[in-house]
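Printed here is input-v5.txt (compact mmCIF, C-alpha atoms):
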# COMPACT_ATOMS: atom_id res chain seq x y z
CA MET A 618 -115.56 119.76 -45.37
CA ARG A 619 -115.83 116.11 -44.56
CA ILE A 620 -116.11 115.02 -40.93
CA GLY A 621 -114.19 111.85 -40.17
CA LEU A 622 -115.68 108.84 -38.40
CA ARG A 623 -113.68 109.59 -35.25
CA ASN A 624 -115.07 113.13 -35.07
CA LYS A 625 -118.63 111.87 -35.65
CA ILE A 626 -118.24 109.44 -32.76
CA ILE A 627 -116.90 112.21 -30.51
CA ILE A 628 -119.80 114.53 -31.43
CA LEU A 629 -122.31 111.74 -30.82
CA ALA A 630 -120.74 110.92 -27.44
CA ILE A 631 -120.84 114.59 -26.38
CA ALA A 632 -124.50 114.87 -27.45
CA ALA A 633 -125.41 111.68 -25.55
CA ALA A 634 -123.58 112.86 -22.43
CA GLY A 635 -125.28 116.26 -22.68
CA LEU A 636 -128.72 114.64 -22.96
CA PHE A 637 -127.95 112.38 -19.98
CA VAL A 638 -126.86 115.34 -17.81
CA TYR A 639 -129.84 117.43 -18.94
CA THR A 640 -132.27 114.62 -18.02
CA LYS A 641 -130.62 114.13 -14.58
CA VAL A 642 -130.77 117.87 -13.84
CA MET A 643 -134.42 118.10 -14.93
CA ALA A 644 -135.30 115.07 -12.78
CA ARG A 645 -133.87 116.89 -9.75
CA ILE A 646 -135.63 120.14 -10.56
CA GLY A 647 -138.98 118.36 -10.87
CA SER A 648 -142.20 119.24 -12.60
CA GLY A 649 -142.97 122.57 -11.05
CA SER A 650 -146.14 123.23 -9.09
CA PRO A 651 -149.00 120.79 -9.52
CA PRO A 652 -152.38 122.16 -10.56
CA PRO A 653 -155.15 122.72 -7.99
CA ALA A 654 -157.93 120.16 -7.63
CA ALA A 655 -160.74 120.44 -10.18
CA PRO A 656 -164.26 121.32 -9.01
CA MET A 657 -166.13 118.33 -7.53
CA GLU A 658 -168.38 117.91 -10.58
CA GLN A 659 -165.27 117.45 -12.77
CA ARG A 660 -163.55 114.87 -10.55
CA ALA A 661 -163.46 111.20 -11.46
CA ASP A 662 -164.70 108.46 -9.17
CA LEU A 663 -163.30 105.60 -11.32
CA ILE A 664 -160.48 105.12 -13.83
CA ARG A 665 -160.64 102.38 -16.46
CA VAL A 666 -157.58 101.37 -18.46
CA TYR A 667 -157.98 99.25 -21.60
CA LYS A 668 -154.47 97.97 -22.25
CA SER A 669 -155.14 96.43 -25.67
CA GLU A 670 -156.67 99.70 -26.89
CA ARG A 671 -154.02 101.90 -25.22
CA ARG A 672 -156.85 103.95 -23.74
CA MET A 673 -157.62 105.32 -20.28
CA VAL A 674 -161.05 106.70 -19.33
CA LEU A 675 -161.97 108.82 -16.31
CA LEU A 676 -165.55 108.25 -15.19
CA LYS A 677 -167.97 110.02 -12.89
CA GLY A 678 -170.73 107.57 -12.15
CA ASP A 679 -171.22 105.70 -15.42
CA ALA A 680 -170.41 108.73 -17.59
CA PRO A 681 -166.97 109.17 -19.19
CA ILE A 682 -165.60 112.63 -18.40
CA ALA A 683 -162.21 112.29 -20.16
CA THR A 684 -160.41 109.81 -22.41
CA TYR A 685 -156.66 109.59 -23.03
CA ARG A 686 -154.42 107.65 -25.39
CA ILE A 687 -151.64 106.05 -23.36
CA SER A 688 -148.30 104.28 -23.53
CA LEU A 689 -147.68 101.29 -21.28
CA GLY A 690 -144.92 98.97 -20.17
CA SER A 691 -142.84 97.73 -23.07
CA ALA A 692 -144.11 94.16 -22.45
CA ALA A 693 -147.72 95.18 -21.67
CA ASP A 694 -149.25 92.80 -24.22
CA ALA A 695 -147.59 89.78 -22.58
CA GLY A 696 -150.16 89.63 -19.74
CA PRO A 697 -150.34 91.11 -16.25
CA LYS A 698 -147.33 92.21 -14.24
CA GLN A 699 -145.89 89.32 -12.23
CA ARG A 700 -142.55 90.54 -10.96
CA GLU A 701 -140.13 93.39 -10.80
CA GLY A 702 -138.42 94.08 -14.10
CA ASP A 703 -140.86 92.25 -16.38
CA GLU A 704 -141.92 95.58 -17.96
CA LYS A 705 -145.58 94.52 -17.89
CA THR A 706 -148.46 96.72 -16.77
CA PRO A 707 -150.60 95.18 -13.99
CA GLU A 708 -154.18 94.02 -14.52
CA GLY A 709 -156.92 94.13 -11.90
CA ARG A 710 -158.56 96.53 -9.48
CA TYR A 711 -156.32 98.92 -7.61
CA GLU A 712 -156.57 102.48 -6.29
CA ILE A 713 -154.63 105.70 -6.52
CA ASP A 714 -153.02 105.63 -3.10
CA TRP A 715 -150.56 108.55 -3.21
CA ARG A 716 -149.19 111.22 -5.53
CA ASN A 717 -145.72 112.57 -6.24
CA PRO A 718 -145.39 116.21 -7.35
CA LYS A 719 -141.57 115.85 -7.48
CA SER A 720 -141.54 112.79 -9.73
CA MET A 721 -138.77 112.12 -12.27
CA ALA A 722 -141.61 112.19 -14.81
CA HIS A 723 -144.03 115.10 -14.99
CA LEU A 724 -146.20 114.49 -11.90
CA SER A 725 -147.27 110.98 -10.95
CA LEU A 726 -150.14 109.14 -9.29
CA HIS A 727 -149.23 105.85 -7.62
CA ILE A 728 -151.27 102.73 -8.38
CA SER A 729 -151.59 100.36 -5.39
CA TYR A 730 -149.91 97.40 -7.15
CA PRO A 731 -149.10 94.80 -5.83
CA ASN A 732 -152.11 93.62 -3.91
CA PRO A 733 -151.52 90.95 -1.20
CA LYS A 734 -152.26 88.05 -3.61
CA GLU A 735 -149.81 89.39 -6.22
CA GLN A 736 -147.21 89.89 -3.49
CA ARG A 737 -147.57 86.27 -2.30
CA GLU A 738 -147.48 84.84 -5.85
CA ALA A 739 -144.32 86.73 -6.76
CA GLU A 740 -142.58 85.73 -3.54
CA ALA A 741 -143.68 82.09 -3.95
CA ASN A 742 -141.96 82.14 -7.35
CA GLY A 743 -138.83 83.65 -5.84
CA PHE A 744 -139.20 87.16 -7.27
CA PRO A 745 -139.91 90.59 -5.83
CA PRO A 746 -143.30 91.75 -7.20
CA GLY A 747 -142.10 95.19 -8.22
CA GLY A 748 -143.94 98.37 -7.48
CA SER A 749 -143.82 102.07 -8.16
CA ILE A 750 -146.43 101.63 -10.88
CA MET A 751 -147.68 105.10 -11.71
CA ILE A 752 -149.79 107.17 -14.05
CA HIS A 753 -147.33 109.85 -15.14
CA GLY A 754 -146.36 112.39 -17.75
CA LEU A 755 -143.14 112.42 -19.74
CA PRO A 756 -139.71 112.38 -18.11
CA ASN A 757 -138.82 115.86 -16.89
CA GLY A 758 -137.06 117.77 -19.61
CA LEU A 759 -138.51 115.62 -22.40
CA GLY A 760 -141.99 117.15 -22.52
CA LEU A 761 -141.34 118.32 -26.07
CA LEU A 762 -141.91 114.74 -27.21
CA GLY A 763 -145.62 115.37 -26.61
CA GLN A 764 -147.89 112.90 -28.38
CA ALA A 765 -144.94 111.24 -30.15
CA HIS A 766 -144.34 109.18 -26.99
CA ARG A 767 -147.39 107.12 -27.98
CA LEU A 768 -145.59 105.64 -30.99
CA TRP A 769 -144.24 102.86 -28.76
CA ASP A 770 -144.66 101.43 -25.26
CA TRP A 771 -141.68 102.67 -23.32
CA THR A 772 -142.40 102.53 -19.58
CA ASP A 773 -141.35 99.84 -17.12
CA GLY A 774 -145.02 99.03 -16.45
CA CYS A 775 -146.50 102.46 -15.82
CA ILE A 776 -149.23 104.32 -17.70
CA ALA A 777 -147.87 107.37 -19.53
CA VAL A 778 -149.66 110.41 -20.96
CA THR A 779 -148.50 113.83 -22.17
CA ASN A 780 -147.60 116.45 -19.57
CA THR A 781 -150.67 118.54 -20.37
CA GLU A 782 -152.88 115.47 -19.92
CA MET A 783 -151.11 114.59 -16.67
CA ARG A 784 -151.88 118.02 -15.22
CA GLU A 785 -155.56 117.49 -16.07
CA ILE A 786 -155.57 113.96 -14.61
CA TRP A 787 -153.79 115.16 -11.45
CA ALA A 788 -156.52 117.77 -10.90
CA ARG A 789 -159.41 115.39 -11.67
CA VAL A 790 -158.34 112.22 -9.83
CA PRO A 791 -158.50 112.35 -6.02
CA ASP A 792 -156.53 109.97 -3.81
CA HIS A 793 -158.26 106.60 -3.27
CA THR A 794 -159.93 106.69 -6.70
CA PRO A 795 -160.33 103.06 -7.86
CA ILE A 796 -158.60 102.06 -11.09
CA ASP A 797 -159.55 99.01 -13.17
CA ILE A 798 -156.81 97.87 -15.53
CA MET A 799 -158.01 95.39 -18.13
CA SER A 800 -156.19 93.51 -20.88
For this file, write the structure as structure tokens.
Amino acid sequence: MRIGLRNKIIILAIAAAGLFVYTKVMARIGSGSPPPAAPMEQRADLIRVYKSERRMVLLKGDAPIATYRISLGSAADAGPKQREGDEKTPEGRYEIDWRNPKSMAHLSLHISYPNPKEQREAEANGFPPGGSIMIHGLPNGLGLLGQAHRLWDWTDGCIAVTNTEMREIWARVPDHTPIDIMS
């Protein structure tokens, strides 16, 4: 039996609407309970992000304790974030200043972008600087994508990892941990 073009379009529209509703429902439900904090000897005291390598390293002292492959903002290679909506990932020294267990993505740690200088520069150019730059897992309900999310940069400037990795990072990164983001 041959399906006509009109029927294919209807089926595609229903599938797209279903995916949209599913994603909205999962965003409201959230990520579930966050993991407990890791033992002190397993907690990072510095995060380094190497944008060009799509790599994030958790360090304790000078020793790497975990390394992750990451996805970034879709314009991450075009330099540091300068304003809201530019889809770039910031560059510089920041800190993890709060966490969101009810994030629309699987758990999230907020990066303290923009700093006062970045705020002034954006405003001097007539733009809001943007914000809500996070380290996060996959959007709630889309965790099945797993490592496939790394095939392209898809965030609006955030640093994305798998949900399993995000649970580990959440447990190992205390609030106020410095994060260095380099090109």
One-decimal distance in Å that lies between CA of Cys775 in chain A and CA of Lys668 in chain A | 11.2 Å
Tell me which of A:Gly696, A:Pro651, A:Pro791, A:Pro656 sits closest to Ser669 in chain A, counting only C-alpha atoms.
-> A:Gly696
Extract, using all atoms listed in the file, all DNA, RNA and protein residues at most 8 Å from Arg665 in chain A, discarding same-chain residues fewer than 4 positions from it, and format them as a ChimeraX atom specification.
-> /A:673-676,796-799
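Residue nearest Pro652 in chain A within the list A:Ile776, A:Ala693, A:Leu724, A:Leu762: A:Leu724 [criterion: smallest interatomic distance, all atoms listed in the file].
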Find the residues near His723 in chain A: any atom within 7 Å, counting all atoms listed in the file, skip ones fewer than 6 places away on the same chain, and give them as a list in words.
-> Ser648, His753, Gly754, Leu755, Pro756, Asn757 and Asn780 of chain A
Residues near Ala739 in chain A, cut-off 12 Å, all atoms listed in the file, skip fewer than 2 positions along chain, as an NGL selection string | :A and (698-703 or 731-737 or 741-748)
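CA of Leu759 in chain A to CA of Ala692 in chain A spans 22.2 Å [interatomic distance, one decimal].
For the atom pair formed by CA of Glu658 in chain A and CA of Trp715 in chain A, the distance is 21.4 Å, given to one decimal.
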Extract, using all atoms listed in the file, all DNA, RNA and protein residues at most 10 Å from range 792-795 of chain A, discarding same-chain residues fewer than 6 positions from it, and format them as a PyMOL selection string.
-> chain A and resi 660-665+710-716+726-729
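Excluding Ser691 in chain A itself and same-chain residues fewer than 3 positions from it, the residues having an atom within 7 Å of it are Glu704, Lys705, Asp770, Trp771, Thr772 and Asp773 of chain A, counting only C-alpha atoms.
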One residue among A:Ile752, A:Ala765, A:Val790, A:Ala722 is nearest to Pro653 in chain A when using only C-alpha atoms, and that residue is A:Val790
Go ahead and fit an axis-aligned box to every listed atom of range 737-753 of chain A plus 6 Å each side, and pass me the centre and edge lengths in Å, one decimal, as AutoDock Vina command-line options.
--center_x -144.3 --center_y 96.0 --center_z -8.7 --size_x 23.0 --size_y 39.8 --size_z 24.8
Could I see range 670-689 of chain A restored to N, CA, C and O atoms, set down as a PDB file, keeping the file's coordinate frame?
ATOM      1  N   GLU A 670    -156.281  98.527 -26.089  1.00  0.00           N
ATOM      2  CA  GLU A 670    -156.670  99.700 -26.890  1.00  0.00           C
ATOM      3  C   GLU A 670    -155.776 100.909 -26.616  1.00  0.00           C
ATOM      4  O   GLU A 670    -155.929 101.934 -27.269  1.00  0.00           O
ATOM      5  N   ARG A 671    -154.878 100.788 -25.634  1.00  0.00           N
ATOM      6  CA  ARG A 671    -154.020 101.900 -25.220  1.00  0.00           C
ATOM      7  C   ARG A 671    -154.888 103.138 -24.929  1.00  0.00           C
ATOM      8  O   ARG A 671    -154.646 104.231 -25.406  1.00  0.00           O
ATOM      9  N   ARG A 672    -155.872 102.908 -24.048  1.00  0.00           N
ATOM     10  CA  ARG A 672    -156.850 103.950 -23.740  1.00  0.00           C
ATOM     11  C   ARG A 672    -157.144 103.953 -22.245  1.00  0.00           C
ATOM     12  O   ARG A 672    -157.295 102.896 -21.636  1.00  0.00           O
ATOM     13  N   MET A 673    -157.248 105.155 -21.678  1.00  0.00           N
ATOM     14  CA  MET A 673    -157.620 105.320 -20.280  1.00  0.00           C
ATOM     15  C   MET A 673    -158.804 106.280 -20.231  1.00  0.00           C
ATOM     16  O   MET A 673    -158.795 107.325 -20.885  1.00  0.00           O
ATOM     17  N   VAL A 674    -159.821 105.911 -19.436  1.00  0.00           N
ATOM     18  CA  VAL A 674    -161.050 106.700 -19.330  1.00  0.00           C
ATOM     19  C   VAL A 674    -161.267 107.082 -17.875  1.00  0.00           C
ATOM     20  O   VAL A 674    -161.211 106.222 -16.987  1.00  0.00           O
ATOM     21  N   LEU A 675    -161.541 108.359 -17.634  1.00  0.00           N
ATOM     22  CA  LEU A 675    -161.970 108.820 -16.310  1.00  0.00           C
ATOM     23  C   LEU A 675    -163.485 108.852 -16.318  1.00  0.00           C
ATOM     24  O   LEU A 675    -164.089 109.368 -17.269  1.00  0.00           O
ATOM     25  N   LEU A 676    -164.100 108.288 -15.277  1.00  0.00           N
ATOM     26  CA  LEU A 676    -165.550 108.250 -15.190  1.00  0.00           C
ATOM     27  C   LEU A 676    -166.041 108.935 -13.936  1.00  0.00           C
ATOM     28  O   LEU A 676    -165.380 108.910 -12.901  1.00  0.00           O
ATOM     29  N   LYS A 677    -167.221 109.506 -14.039  1.00  0.00           N
ATOM     30  CA  LYS A 677    -167.970 110.020 -12.890  1.00  0.00           C
ATOM     31  C   LYS A 677    -169.310 109.313 -12.968  1.00  0.00           C
ATOM     32  O   LYS A 677    -170.058 109.521 -13.929  1.00  0.00           O
ATOM     33  N   GLY A 678    -169.572 108.441 -12.014  1.00  0.00           N
ATOM     34  CA  GLY A 678    -170.730 107.570 -12.150  1.00  0.00           C
ATOM     35  C   GLY A 678    -170.462 106.648 -13.333  1.00  0.00           C
ATOM     36  O   GLY A 678    -169.384 106.098 -13.465  1.00  0.00           O
ATOM     37  N   ASP A 679    -171.415 106.514 -14.218  1.00  0.00           N
ATOM     38  CA  ASP A 679    -171.220 105.700 -15.420  1.00  0.00           C
ATOM     39  C   ASP A 679    -170.815 106.522 -16.628  1.00  0.00           C
ATOM     40  O   ASP A 679    -170.637 105.975 -17.721  1.00  0.00           O
ATOM     41  N   ALA A 680    -170.668 107.837 -16.457  1.00  0.00           N
ATOM     42  CA  ALA A 680    -170.410 108.730 -17.590  1.00  0.00           C
ATOM     43  C   ALA A 680    -168.913 109.012 -17.742  1.00  0.00           C
ATOM     44  O   ALA A 680    -168.258 109.451 -16.789  1.00  0.00           O
ATOM     45  N   PRO A 681    -168.362 108.781 -18.941  1.00  0.00           N
ATOM     46  CA  PRO A 681    -166.970 109.170 -19.190  1.00  0.00           C
ATOM     47  C   PRO A 681    -166.835 110.696 -19.154  1.00  0.00           C
ATOM     48  O   PRO A 681    -167.657 111.398 -19.737  1.00  0.00           O
ATOM     49  N   ILE A 682    -165.832 111.189 -18.444  1.00  0.00           N
ATOM     50  CA  ILE A 682    -165.600 112.630 -18.400  1.00  0.00           C
ATOM     51  C   ILE A 682    -164.302 113.010 -19.120  1.00  0.00           C
ATOM     52  O   ILE A 682    -164.091 114.188 -19.411  1.00  0.00           O
ATOM     53  N   ALA A 683    -163.443 112.037 -19.404  1.00  0.00           N
ATOM     54  CA  ALA A 683    -162.210 112.290 -20.160  1.00  0.00           C
ATOM     55  C   ALA A 683    -161.654 110.967 -20.647  1.00  0.00           C
ATOM     56  O   ALA A 683    -161.763 109.951 -19.960  1.00  0.00           O
ATOM     57  N   THR A 684    -161.053 110.990 -21.825  1.00  0.00           N
ATOM     58  CA  THR A 684    -160.410 109.810 -22.410  1.00  0.00           C
ATOM     59  C   THR A 684    -159.027 110.201 -22.893  1.00  0.00           C
ATOM     60  O   THR A 684    -158.847 111.280 -23.464  1.00  0.00           O
ATOM     61  N   TYR A 685    -158.053 109.321 -22.671  1.00  0.00           N
ATOM     62  CA  TYR A 685    -156.660 109.590 -23.030  1.00  0.00           C
ATOM     63  C   TYR A 685    -156.065 108.399 -23.765  1.00  0.00           C
ATOM     64  O   TYR A 685    -156.313 107.248 -23.394  1.00  0.00           O
ATOM     65  N   ARG A 686    -155.242 108.683 -24.767  1.00  0.00           N
ATOM     66  CA  ARG A 686    -154.420 107.650 -25.390  1.00  0.00           C
ATOM     67  C   ARG A 686    -153.166 107.524 -24.539  1.00  0.00           C
ATOM     68  O   ARG A 686    -152.620 108.527 -24.079  1.00  0.00           O
ATOM     69  N   ILE A 687    -152.703 106.294 -24.330  1.00  0.00           N
ATOM     70  CA  ILE A 687    -151.640 106.050 -23.360  1.00  0.00           C
ATOM     71  C   ILE A 687    -150.530 105.179 -23.951  1.00  0.00           C
ATOM     72  O   ILE A 687    -150.727 104.477 -24.942  1.00  0.00           O
ATOM     73  N   SER A 688    -149.385 105.234 -23.310  1.00  0.00           N
ATOM     74  CA  SER A 688    -148.300 104.280 -23.530  1.00  0.00           C
ATOM     75  C   SER A 688    -148.186 103.460 -22.253  1.00  0.00           C
ATOM     76  O   SER A 688    -148.464 103.950 -21.162  1.00  0.00           O
ATOM     77  N   LEU A 689    -147.759 102.219 -22.410  1.00  0.00           N
ATOM     78  CA  LEU A 689    -147.680 101.290 -21.280  1.00  0.00           C
ATOM     79  C   LEU A 689    -146.281 100.730 -21.134  1.00  0.00           C
ATOM     80  O   LEU A 689    -145.349 101.167 -21.803  1.00  0.00           O
TER      81      LEU A 689
END
